[in-house]
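> Please find one structure pasted underneath; my questions will follow.
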Amino acid sequence: MSDEPNITRMEDGSRRRVHVDPAIELAPCPFCASTNVGFYEHVYAQLFAVMCKLCGAEGPRRASHDEAGRQWNRRTRI
């Protein structure tokens, strides 16, 4: 666990969960319908994505939280 507030590091160190209050509400996962989704920062690439904590689905990587959230919400449920 990181000593930075609002950030949780992943075991492999490649990405970390970022707790933010986005301007848009995130849609449920299009693969498993879970609402347990959140923003992650890809540490090395300095990009953000939305990821489902239940099935591991990940949305497109974008330069900002807002853009990553908008792209996640555009996905069609399978």
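Simple scheme: letters A, B, ... for chains in structure tokens order, numbers from 1 for residues in each chain, numbers from 1 for ligands in the order shown.
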I want to know what sits within 12 Å of range 50-56 of chain A, based on only C-alpha atoms, with residues of the same chain fewer than 3 positions away left out; could you give that as a ChimeraX atom specification?

/A:10,15-20,22,25-42,47,59-62,64-75

> List every residue of range 12-68 of chain A that DSSP, applied to the backbone of this structure, places in strand (DSSP E or B), and write the result as a list in words.

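Those residues are Arg15, Arg16, Arg17, Val18, Val37, Gly38, Phe39, Tyr40, Glu41, His42, Leu47, Phe48, Ala49, Val50, Met51, Cys52, Glu58 and Arg62 of chain A.
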